[in-house]
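Asker: This is data_32.cif, which holds mmCIF, C-alpha atoms and all ligand atoms:
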```cif
data_entry
#
loop_
_atom_site.label_atom_id
_atom_site.label_comp_id
_atom_site.auth_asym_id
_atom_site.auth_seq_id
_atom_site.Cartn_x
_atom_site.Cartn_y
_atom_site.Cartn_z
CA LEU D 1 -15.46 -98.33 28.50
CA ARG D 2 -14.18 -95.67 30.88
CA LEU D 3 -15.18 -92.08 30.08
CA ALA D 4 -14.92 -88.77 31.92
CA ALA D 5 -17.77 -86.26 31.93
CA VAL D 6 -17.21 -82.64 32.93
CA ASP D 7 -19.82 -80.03 33.84
CA LEU D 8 -18.04 -76.69 33.78
CA GLY D 9 -20.45 -74.20 35.36
CA ALA D 10 -20.07 -70.58 36.38
CA SER D 11 -19.62 -71.48 40.04
CA ARG D 12 -19.05 -75.26 40.20
CA LEU D 13 -16.78 -77.60 38.27
CA ARG D 14 -18.06 -81.19 38.40
CA VAL D 15 -16.31 -84.27 37.10
CA GLY D 16 -17.71 -87.79 36.87
CA ILE D 17 -16.01 -91.01 35.79
CA PHE D 18 -18.35 -93.44 34.03
CA ASP D 19 -17.65 -97.13 33.50
CA ASP D 20 -19.93 -98.47 30.76
CA GLY D 21 -22.37 -95.63 31.36
CA ARG D 22 -22.45 -96.04 35.16
CA LEU D 23 -21.24 -93.17 37.37
CA VAL D 24 -18.47 -94.68 39.54
CA ARG D 25 -16.53 -91.65 40.82
CA TYR D 26 -17.65 -88.05 41.23
CA ARG D 27 -16.25 -84.84 42.60
CA GLU D 28 -17.15 -81.19 42.48
CA VAL D 29 -15.03 -78.14 43.30
CA GLU D 30 -15.35 -74.40 42.85
CA THR D 31 -14.63 -73.27 39.31
CA PRO D 32 -11.23 -71.51 39.23
CA ARG D 33 -11.70 -67.80 38.66
CA SER D 34 -8.12 -66.57 38.58
CA GLY D 35 -4.73 -67.75 37.37
CA GLY D 36 -3.22 -68.42 34.00
CA ARG D 37 -5.12 -69.04 30.81
CA GLU D 38 -4.96 -72.84 31.25
CA VAL D 39 -5.94 -72.93 34.94
CA ILE D 40 -9.39 -74.43 34.25
CA ALA D 41 -8.03 -77.04 31.83
CA GLU D 42 -5.39 -77.95 34.44
CA ALA D 43 -8.03 -78.30 37.16
CA ILE D 44 -10.04 -80.64 34.90
CA ILE D 45 -6.95 -82.70 34.05
CA SER D 46 -5.96 -83.16 37.69
CA LEU D 47 -9.53 -84.02 38.77
CA ILE D 48 -9.82 -86.67 36.06
CA ARG D 49 -6.38 -88.08 36.93
CA SER D 50 -7.20 -88.27 40.63
CA LEU D 51 -10.64 -89.86 40.09
CA ALA D 52 -9.87 -92.38 37.32
CA GLU D 53 -7.47 -95.15 38.27
CA SER D 54 -6.68 -95.85 34.65
CA ARG D 55 -6.64 -93.96 31.38
CA VAL D 56 -10.00 -92.57 30.26
CA GLU D 57 -11.03 -93.33 26.70
CA GLY D 58 -12.67 -89.99 26.10
CA VAL D 59 -13.78 -86.77 27.79
CA GLY D 60 -17.05 -84.91 27.26
CA ILE D 61 -17.31 -81.34 28.49
CA ALA D 62 -20.56 -79.43 28.97
CA SER D 63 -19.41 -75.84 29.39
CA ILE D 64 -20.51 -72.31 30.01
CA GLY D 65 -20.38 -70.26 26.83
CA PRO D 66 -19.87 -68.62 24.50
CA LEU D 67 -17.77 -71.27 22.78
CA ASP D 68 -15.68 -71.42 19.67
CA LEU D 69 -15.95 -75.09 18.76
CA GLU D 70 -13.38 -74.76 15.97
CA SER D 71 -10.63 -73.97 18.50
CA GLY D 72 -12.24 -75.63 21.54
CA TRP D 73 -12.08 -72.40 23.56
CA VAL D 74 -14.51 -70.54 25.78
CA ILE D 75 -14.53 -67.03 24.36
CA ASN D 76 -15.25 -63.84 26.29
CA THR D 77 -17.61 -65.42 28.83
CA PRO D 78 -19.43 -63.03 31.19
CA ASN D 79 -19.51 -65.89 33.76
CA ASN D 80 -15.82 -66.09 34.68
CA PRO D 81 -13.22 -63.32 35.14
CA LEU D 82 -10.75 -65.36 33.06
CA ARG D 83 -13.01 -64.46 30.09
CA SER D 84 -11.29 -66.58 27.40
CA PHE D 85 -9.52 -69.91 27.90
CA PRO D 86 -8.81 -73.18 26.06
CA LEU D 87 -10.50 -76.46 26.99
CA ARG D 88 -10.23 -79.13 24.32
CA ASP D 89 -6.59 -79.18 23.18
CA PRO D 90 -4.67 -78.99 26.50
CA ILE D 91 -6.91 -81.69 27.99
CA ALA D 92 -6.68 -83.94 24.91
CA ARG D 93 -2.86 -83.58 24.96
CA ALA D 94 -2.41 -84.18 28.68
CA LEU D 95 -4.73 -87.21 28.85
CA ASP D 96 -3.93 -88.49 25.35
CA THR D 97 -7.60 -88.94 24.53
CA GLU D 98 -10.46 -87.50 22.51
CA VAL D 99 -12.24 -84.47 24.01
CA VAL D 100 -15.65 -83.24 22.84
CA VAL D 101 -16.91 -79.84 24.04
CA ALA D 102 -20.42 -78.39 23.82
CA ASN D 103 -22.49 -75.67 25.43
CA ASP D 104 -24.01 -77.09 28.64
CA CYS D 105 -27.63 -76.88 27.46
CA VAL D 106 -26.73 -78.31 24.04
CA ALA D 107 -25.03 -81.24 25.76
CA SER D 108 -27.99 -81.61 28.13
CA VAL D 109 -30.57 -82.00 25.37
CA TRP D 110 -28.30 -84.60 23.71
CA GLY D 111 -28.17 -86.39 27.06
CA GLU D 112 -31.99 -86.50 27.21
CA TYR D 113 -32.05 -87.83 23.63
CA ILE D 114 -29.38 -90.53 24.04
CA LEU D 115 -29.69 -91.51 27.71
CA GLY D 116 -32.78 -89.92 29.22
CA SER D 117 -36.55 -89.79 28.83
CA GLY D 118 -36.15 -88.18 25.41
CA ARG D 119 -35.15 -91.52 23.87
CA GLY D 120 -37.42 -92.32 20.96
CA LEU D 121 -38.36 -88.67 20.30
CA THR D 122 -36.98 -86.80 17.27
CA ASP D 123 -37.92 -83.24 18.30
CA LEU D 124 -37.21 -82.09 21.82
CA GLY D 125 -36.00 -79.16 23.84
CA TYR D 126 -34.16 -78.72 27.10
CA VAL D 127 -34.50 -75.51 29.11
CA THR D 128 -32.64 -74.68 32.31
CA ILE D 129 -34.12 -72.22 34.79
CA SER D 130 -31.29 -71.52 37.19
CA THR D 131 -29.06 -68.49 37.90
CA GLY D 132 -29.62 -67.83 34.19
CA ILE D 133 -31.92 -69.32 31.55
CA GLY D 134 -30.69 -71.30 28.54
CA GLY D 135 -31.75 -74.00 26.14
CA GLY D 136 -30.74 -76.75 23.75
CA PHE D 137 -32.75 -78.29 20.91
CA ILE D 138 -32.95 -81.31 18.66
CA VAL D 139 -35.04 -80.80 15.52
CA GLY D 140 -35.78 -83.75 13.27
CA GLY D 141 -33.13 -85.80 15.07
CA ARG D 142 -30.45 -83.15 14.45
CA LEU D 143 -28.71 -81.31 17.26
CA LEU D 144 -28.68 -77.56 16.68
CA VAL D 145 -25.19 -76.19 17.31
CA GLY D 146 -25.04 -73.09 15.11
CA ARG D 147 -21.99 -71.70 13.39
CA ARG D 148 -19.60 -71.83 16.38
CA GLY D 149 -21.57 -73.63 19.08
CA ASN D 150 -23.79 -70.86 20.40
CA PRO D 151 -27.32 -71.26 19.05
CA HIS D 152 -30.66 -70.56 20.66
CA GLU D 153 -29.84 -68.17 23.48
CA VAL D 154 -33.42 -68.54 24.62
CA GLY D 155 -32.85 -66.66 27.88
CA HIS D 156 -32.78 -63.52 25.76
CA ILE D 157 -36.21 -64.04 24.18
CA VAL D 158 -38.33 -60.94 24.87
CA VAL D 159 -41.21 -61.98 27.12
CA GLU D 160 -42.32 -58.54 28.35
CA ALA D 161 -41.98 -55.91 25.63
CA SER D 162 -42.84 -52.96 27.89
CA SER D 163 -40.53 -54.10 30.71
CA GLU D 164 -37.86 -51.80 32.11
CA SER D 165 -35.90 -54.79 33.49
CA ARG D 166 -32.46 -54.70 31.92
CA CYS D 167 -30.74 -57.99 31.20
CA GLY D 168 -27.06 -58.73 31.88
CA CYS D 169 -26.66 -58.57 28.09
CA GLY D 170 -28.03 -55.00 28.01
CA GLY D 171 -31.42 -55.81 26.43
CA LEU D 172 -34.85 -55.07 27.92
CA GLY D 173 -37.64 -57.48 28.82
CA HIS D 174 -35.59 -60.66 28.35
CA TRP D 175 -36.85 -63.91 29.93
CA GLU D 176 -33.63 -64.29 31.93
CA ALA D 177 -33.85 -60.69 33.19
CA ILE D 178 -37.24 -61.42 34.80
CA ALA D 179 -37.51 -65.09 35.79
CA SER D 180 -33.98 -66.42 36.37
CA GLY D 181 -32.84 -67.09 39.92
CA SER D 182 -30.65 -64.00 39.96
CA SER D 183 -33.44 -61.76 38.61
CA ILE D 184 -36.28 -62.93 40.87
CA PRO D 185 -35.42 -60.51 43.75
CA ARG D 186 -35.64 -57.55 41.38
CA THR D 187 -38.90 -58.81 39.87
CA ALA D 188 -40.32 -59.31 43.38
CA LEU D 189 -39.33 -55.74 44.32
CA ARG D 190 -41.06 -54.32 41.25
CA LEU D 191 -44.27 -56.24 42.01
CA ALA D 192 -44.04 -55.30 45.71
CA ARG D 193 -44.13 -51.60 44.83
CA GLU D 194 -47.37 -52.14 42.88
CA TRP D 195 -48.97 -54.42 45.48
CA ARG D 196 -52.20 -53.21 47.12
CA GLY D 197 -52.91 -56.31 49.23
CA PRO D 198 -51.98 -57.23 52.82
CA ARG D 199 -48.44 -56.72 54.14
CA THR D 200 -46.89 -60.17 54.18
CA ARG D 201 -43.43 -61.53 54.97
CA ALA D 202 -42.57 -62.05 51.30
CA LEU D 203 -43.66 -58.46 50.64
CA GLU D 204 -41.45 -57.06 53.44
CA GLU D 205 -38.47 -59.12 52.33
CA SER D 206 -38.99 -58.05 48.72
CA LEU D 207 -39.12 -54.38 49.70
CA GLU D 208 -36.03 -54.58 51.91
CA GLY D 209 -34.14 -56.57 49.26
CA SER D 210 -33.51 -59.72 51.29
CA ILE D 211 -35.77 -62.05 49.26
CA THR D 212 -34.17 -64.81 47.15
CA ALA D 213 -35.64 -67.20 44.61
CA LYS D 214 -35.52 -69.91 47.28
CA THR D 215 -37.31 -67.91 50.01
CA LEU D 216 -39.86 -66.51 47.57
CA TYR D 217 -40.96 -69.98 46.46
CA SER D 218 -40.91 -71.19 50.04
CA HIS D 219 -43.21 -68.35 51.19
CA ALA D 220 -45.53 -69.18 48.30
CA ARG D 221 -45.60 -72.79 49.44
CA SER D 222 -46.80 -71.63 52.88
CA GLY D 223 -49.59 -69.62 51.27
CA ASP D 224 -48.16 -66.06 51.44
CA PRO D 225 -50.53 -64.16 49.10
CA PHE D 226 -47.86 -61.78 47.79
CA ALA D 227 -45.40 -64.64 47.10
CA LEU D 228 -48.21 -66.49 45.29
CA ARG D 229 -48.83 -63.39 43.19
CA VAL D 230 -45.13 -63.28 42.18
CA VAL D 231 -45.07 -67.01 41.42
CA ASP D 232 -48.16 -66.62 39.24
CA TYR D 233 -46.45 -63.79 37.35
CA LEU D 234 -43.27 -65.88 36.94
CA ASN D 235 -45.35 -68.79 35.60
CA ARG D 236 -46.82 -66.40 33.04
CA ILE D 237 -43.32 -65.23 32.03
CA ASN D 238 -41.97 -68.80 31.86
CA ALA D 239 -44.95 -69.84 29.74
CA ALA D 240 -44.32 -66.89 27.41
CA GLY D 241 -40.71 -68.03 26.91
CA LEU D 242 -41.79 -71.63 26.37
CA ALA D 243 -44.48 -70.55 23.89
CA SER D 244 -41.82 -68.80 21.78
CA ILE D 245 -39.74 -71.98 21.85
CA ILE D 246 -42.75 -74.08 20.81
CA ALA D 247 -43.50 -71.72 17.93
CA SER D 248 -39.85 -71.85 16.81
CA TYR D 249 -39.05 -75.56 17.10
CA ASP D 250 -42.38 -77.47 17.33
CA PRO D 251 -41.00 -79.98 19.88
CA GLU D 252 -42.72 -83.19 20.99
CA ALA D 253 -41.64 -82.46 24.57
CA ILE D 254 -39.68 -79.84 26.50
CA PHE D 255 -37.57 -81.00 29.43
CA ILE D 256 -36.88 -78.46 32.17
CA GLY D 257 -34.03 -78.49 34.63
CA GLY D 258 -32.00 -76.00 36.62
CA SER D 259 -32.13 -75.45 40.38
CA VAL D 260 -34.95 -72.88 40.42
CA TYR D 261 -37.21 -75.32 38.57
CA ILE D 262 -36.03 -78.54 40.21
CA ASN D 263 -36.52 -77.21 43.75
CA ASN D 264 -39.92 -75.66 43.02
CA ARG D 265 -41.57 -77.89 40.43
CA ASP D 266 -44.73 -78.09 42.54
CA LEU D 267 -45.28 -74.34 42.05
CA PHE D 268 -44.51 -74.27 38.32
CA HIS D 269 -47.29 -76.73 37.48
CA PRO D 270 -50.12 -76.50 36.56
CA GLY D 271 -49.59 -72.72 36.21
CA ILE D 272 -47.29 -72.86 33.18
CA GLU D 273 -49.59 -75.33 31.41
CA GLU D 274 -52.57 -73.01 31.92
CA TYR D 275 -50.74 -69.98 30.52
CA LEU D 276 -49.20 -72.05 27.72
CA ARG D 277 -52.66 -72.91 26.45
CA GLN D 278 -53.29 -69.16 26.12
CA TYR D 279 -49.93 -68.32 24.53
CA SER D 280 -49.09 -71.28 22.33
CA LEU D 281 -49.75 -71.44 18.61
CA PHE D 282 -49.97 -75.24 18.68
CA GLU D 283 -51.37 -77.64 21.21
CA PRO D 284 -48.55 -77.31 23.78
CA PRO D 285 -46.29 -80.37 24.11
CA PRO D 286 -45.73 -81.94 27.53
CA ILE D 287 -43.45 -79.95 29.85
CA ARG D 288 -41.38 -82.59 31.61
CA GLU D 289 -38.84 -82.73 34.38
CA ALA D 290 -35.22 -83.20 33.30
CA THR D 291 -34.21 -86.86 33.71
CA PHE D 292 -30.95 -86.34 35.59
CA GLY D 293 -31.88 -83.56 38.02
CA ASP D 294 -28.87 -81.49 39.06
CA LYS D 295 -26.57 -83.82 37.08
CA GLU D 296 -28.27 -83.04 33.77
CA ALA D 297 -25.19 -81.33 32.27
CA LEU D 298 -22.91 -84.11 33.57
CA TYR D 299 -24.99 -86.76 31.76
CA GLY D 300 -25.07 -84.45 28.74
CA ALA D 301 -21.26 -84.36 28.81
CA LEU D 302 -21.26 -88.17 28.97
CA ALA D 303 -23.68 -88.39 26.03
CA ILE D 304 -21.59 -86.19 23.70
CA ILE D 305 -18.50 -88.37 24.16
CA LEU D 306 -20.38 -91.70 24.31
CA ASP D 307 -22.32 -91.05 21.11
CA THR D 308 -20.89 -87.89 19.53
CA PRO D 309 -23.50 -86.20 17.34
CA PRO D 310 -22.32 -85.52 13.75
CA GLU D 311 -23.02 -81.81 14.35
CA LEU D 312 -20.23 -81.76 16.98
CA ALA D 313 -17.97 -84.32 15.28
CA ARG D 314 -17.45 -81.94 12.36
CA PHE D 315 -15.48 -79.62 14.67
CA LEU D 316 -13.04 -82.34 15.77
ZN ZN D 401 -30.50 -60.65 27.55
#
```
As structure tokens, what does this structure read like?
Ligand SMILES: [Zn+2]

Answerer:
Amino acid sequence: LRLAAVDLGASRLRVGIFDDGRLVRYREVETPRSGGREVIAEAIISLIRSLAESRVEGVGIASIGPLDLESGWVINTPNNPLRSFPLRDPIARALDTEVVVANDCVASVWGEYILGSGRGLTDLGYVTISTGIGGGFIVGGRLLVGRRGNPHEVGHIVVEASSESRCGCGGLGHWEAIASGSSIPRTALRLAREWRGPRTRALEESLEGSITAKTLYSHARSGDPFALRVVDYLNRINAAGLASIIASYDPEAIFIGGSVYINNRDLFHPGIEEYLRQYSLFEPPPIREATFGDKEALYGALAIILDTPPELARFL
């Protein structure tokens, strides 16, 4: 069985060809950001055609949102200047095959459930901590997809009610506005202005605006006291977001992926577990590493076409 899996991200477009569940061909390119309305669909079609020697028997797409699953379009996305564009129908027509589309985090949690370490669980969550923060959830064995495919925007959970940090969405105190990769420099600057300790490299870089999520975590790893202070604060914020998820969905496990987490797992634990015990209503479930690392959404895309959940099949 030859299937194509597509991870359509804000910056990268990744395509994998799977033969009987095994990744045999893979390529990633920059996501097109200009051109006609079908430029992204055309890029996906030509990547699949060039990678697969024969016809694919289905295509799964894990996409940036928001989505309209009824029409198979991305609608008004803040993550690409094209804003709105079709995915499902032009690809299904060109390749003469079935195409299933889902939000990338929704697909990812289905991938954990069908193919990953979430097999055997009935209640699980997937959270990505990357440029942004998002999630996908399975409750009682059912994938939550919402009315049009855009449920549980967990990055916009309020984790700091008195925060002045404004989110890309316009709201204040949102998880993504404080702890996502793109927000970490601003959070570090705010904490640097309040810092009364020694002047360290991470502090200087935070004040001059050159710090990144990557350098912050790397300074913390070398013992920089200011960087450690920021990491501790971020662990508190991440635990607050996770505690809200636990209270909402009561999962048996939460899987975490996304580059900020994957590259700095050593500094997330045991901090988030300690804060979770203070914040969580229930005994906190295990916080586990995503099974497929930076290919989590790709395996999610495979899972939704390999074993399409009824919650997505109703839109086909
Ligand atoms: Zn927000």

Asker: Check the smallest atom-to-atom distance from each of D:Asn76, D:Thr122, D:Ser165, D:Ser130 to ligand ZN 401 (chain D) using all atoms listed in the file, then report the winner.

Answerer: D:Ser165

Asker: Show me, as a list in words, the residues that have an atom within 7 Å of region 23-35 of chain D when counting all atoms listed in the file, minus same-chain residues fewer than 3 positions from it.

Answerer: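 Here the answer would be Ala10, Ser11, Arg12, Leu13, Arg14, Val15, Gly16, Ile17, Phe18, Asp19, Val39, Ile40, Leu51, Asn80, Pro81 and Leu82 of chain D.
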
Asker: Generate the output file for the selected residues, C-alpha atoms, as a PDB file, in the frame of the given file.

Answerer:
```pdb
ATOM      1  CA  ALA D  10     -20.070 -70.580  36.380  1.00  0.00           C
ATOM      2  CA  SER D  11     -19.620 -71.480  40.040  1.00  0.00           C
ATOM      3  CA  ARG D  12     -19.050 -75.260  40.200  1.00  0.00           C
ATOM      4  CA  LEU D  13     -16.780 -77.600  38.270  1.00  0.00           C
ATOM      5  CA  ARG D  14     -18.060 -81.190  38.400  1.00  0.00           C
ATOM      6  CA  VAL D  15     -16.310 -84.270  37.100  1.00  0.00           C
ATOM      7  CA  GLY D  16     -17.710 -87.790  36.870  1.00  0.00           C
ATOM      8  CA  ILE D  17     -16.010 -91.010  35.790  1.00  0.00           C
ATOM      9  CA  PHE D  18     -18.350 -93.440  34.030  1.00  0.00           C
ATOM     10  CA  ASP D  19     -17.650 -97.130  33.500  1.00  0.00           C
ATOM     11  CA  VAL D  39      -5.940 -72.930  34.940  1.00  0.00           C
ATOM     12  CA  ILE D  40      -9.390 -74.430  34.250  1.00  0.00           C
ATOM     13  CA  LEU D  51     -10.640 -89.860  40.090  1.00  0.00           C
ATOM     14  CA  ASN D  80     -15.820 -66.090  34.680  1.00  0.00           C
ATOM     15  CA  PRO D  81     -13.220 -63.320  35.140  1.00  0.00           C
ATOM     16  CA  LEU D  82     -10.750 -65.360  33.060  1.00  0.00           C
TER      17      LEU D  82
END
```

Asker: Please identify all polymer residues within 10 Å of Ser183 (chain D), counting only C-alpha atoms, omitting same-chain residues fewer than 3 positions from it, and present them as a list in words.

Answerer: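 Once the nearby chain positions are removed, what remains is Thr131, Gly132, Ser165, Arg166, Cys167, Gly168, Trp175, Glu176, Ala177, Ile178, Ala179, Ser180, Arg186, Thr187, Ala188, Thr212 and Ala213 of chain D.
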
Asker: How many Å lie between CA of His174 (chain D) and CA of Ile157 (chain D), rounded to one decimal?

Answerer: 5.4 Å

Asker: Just the number, please: distance in Å from CA of Tyr126 (chain D) to CA of Gly111 (chain D), one decimal.

Answerer: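 These atoms are spaced 9.7 Å apart.
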
Asker: Please produce region 255-267 of chain D, completed to N, CA and C atoms, as a short mmCIF file (atom, residue, chain, number, x, y, z; two decimals), in the frame of the given file.

Answerer:
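Saved to rebuild26.cif:
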```cif
data_model
loop_
_atom_site.label_atom_id
_atom_site.label_comp_id
_atom_site.auth_asym_id
_atom_site.auth_seq_id
_atom_site.Cartn_x
_atom_site.Cartn_y
_atom_site.Cartn_z
N PHE D 255 -38.06 -80.59 28.12
CA PHE D 255 -37.57 -81.00 29.43
C PHE D 255 -37.03 -79.77 30.14
N ILE D 256 -37.37 -79.62 31.42
CA ILE D 256 -36.88 -78.46 32.17
C ILE D 256 -36.03 -78.93 33.33
N GLY D 257 -34.91 -78.25 33.49
CA GLY D 257 -34.03 -78.49 34.63
C GLY D 257 -33.56 -77.17 35.20
N GLY D 258 -32.49 -77.21 35.97
CA GLY D 258 -32.00 -76.00 36.62
C GLY D 258 -32.57 -75.90 38.03
N SER D 259 -31.77 -75.37 38.95
CA SER D 259 -32.13 -75.45 40.38
C SER D 259 -33.44 -74.74 40.71
N VAL D 260 -33.72 -73.61 40.08
CA VAL D 260 -34.95 -72.88 40.42
C VAL D 260 -36.16 -73.75 40.09
N TYR D 261 -36.10 -74.44 38.94
CA TYR D 261 -37.21 -75.32 38.57
C TYR D 261 -37.22 -76.59 39.42
N ILE D 262 -36.08 -77.24 39.52
CA ILE D 262 -36.03 -78.54 40.21
C ILE D 262 -36.53 -78.44 41.65
N ASN D 263 -36.14 -77.36 42.33
CA ASN D 263 -36.52 -77.21 43.75
C ASN D 263 -37.95 -76.71 43.95
N ASN D 264 -38.59 -76.26 42.86
CA ASN D 264 -39.92 -75.66 43.02
C ASN D 264 -40.93 -76.13 41.98
N ARG D 265 -40.69 -77.34 41.47
CA ARG D 265 -41.57 -77.89 40.43
C ARG D 265 -43.04 -77.81 40.80
N ASP D 266 -43.34 -78.07 42.08
CA ASP D 266 -44.73 -78.09 42.54
C ASP D 266 -45.43 -76.75 42.28
N LEU D 267 -44.67 -75.65 42.25
CA LEU D 267 -45.28 -74.34 42.05
C LEU D 267 -45.25 -73.88 40.59
#
```
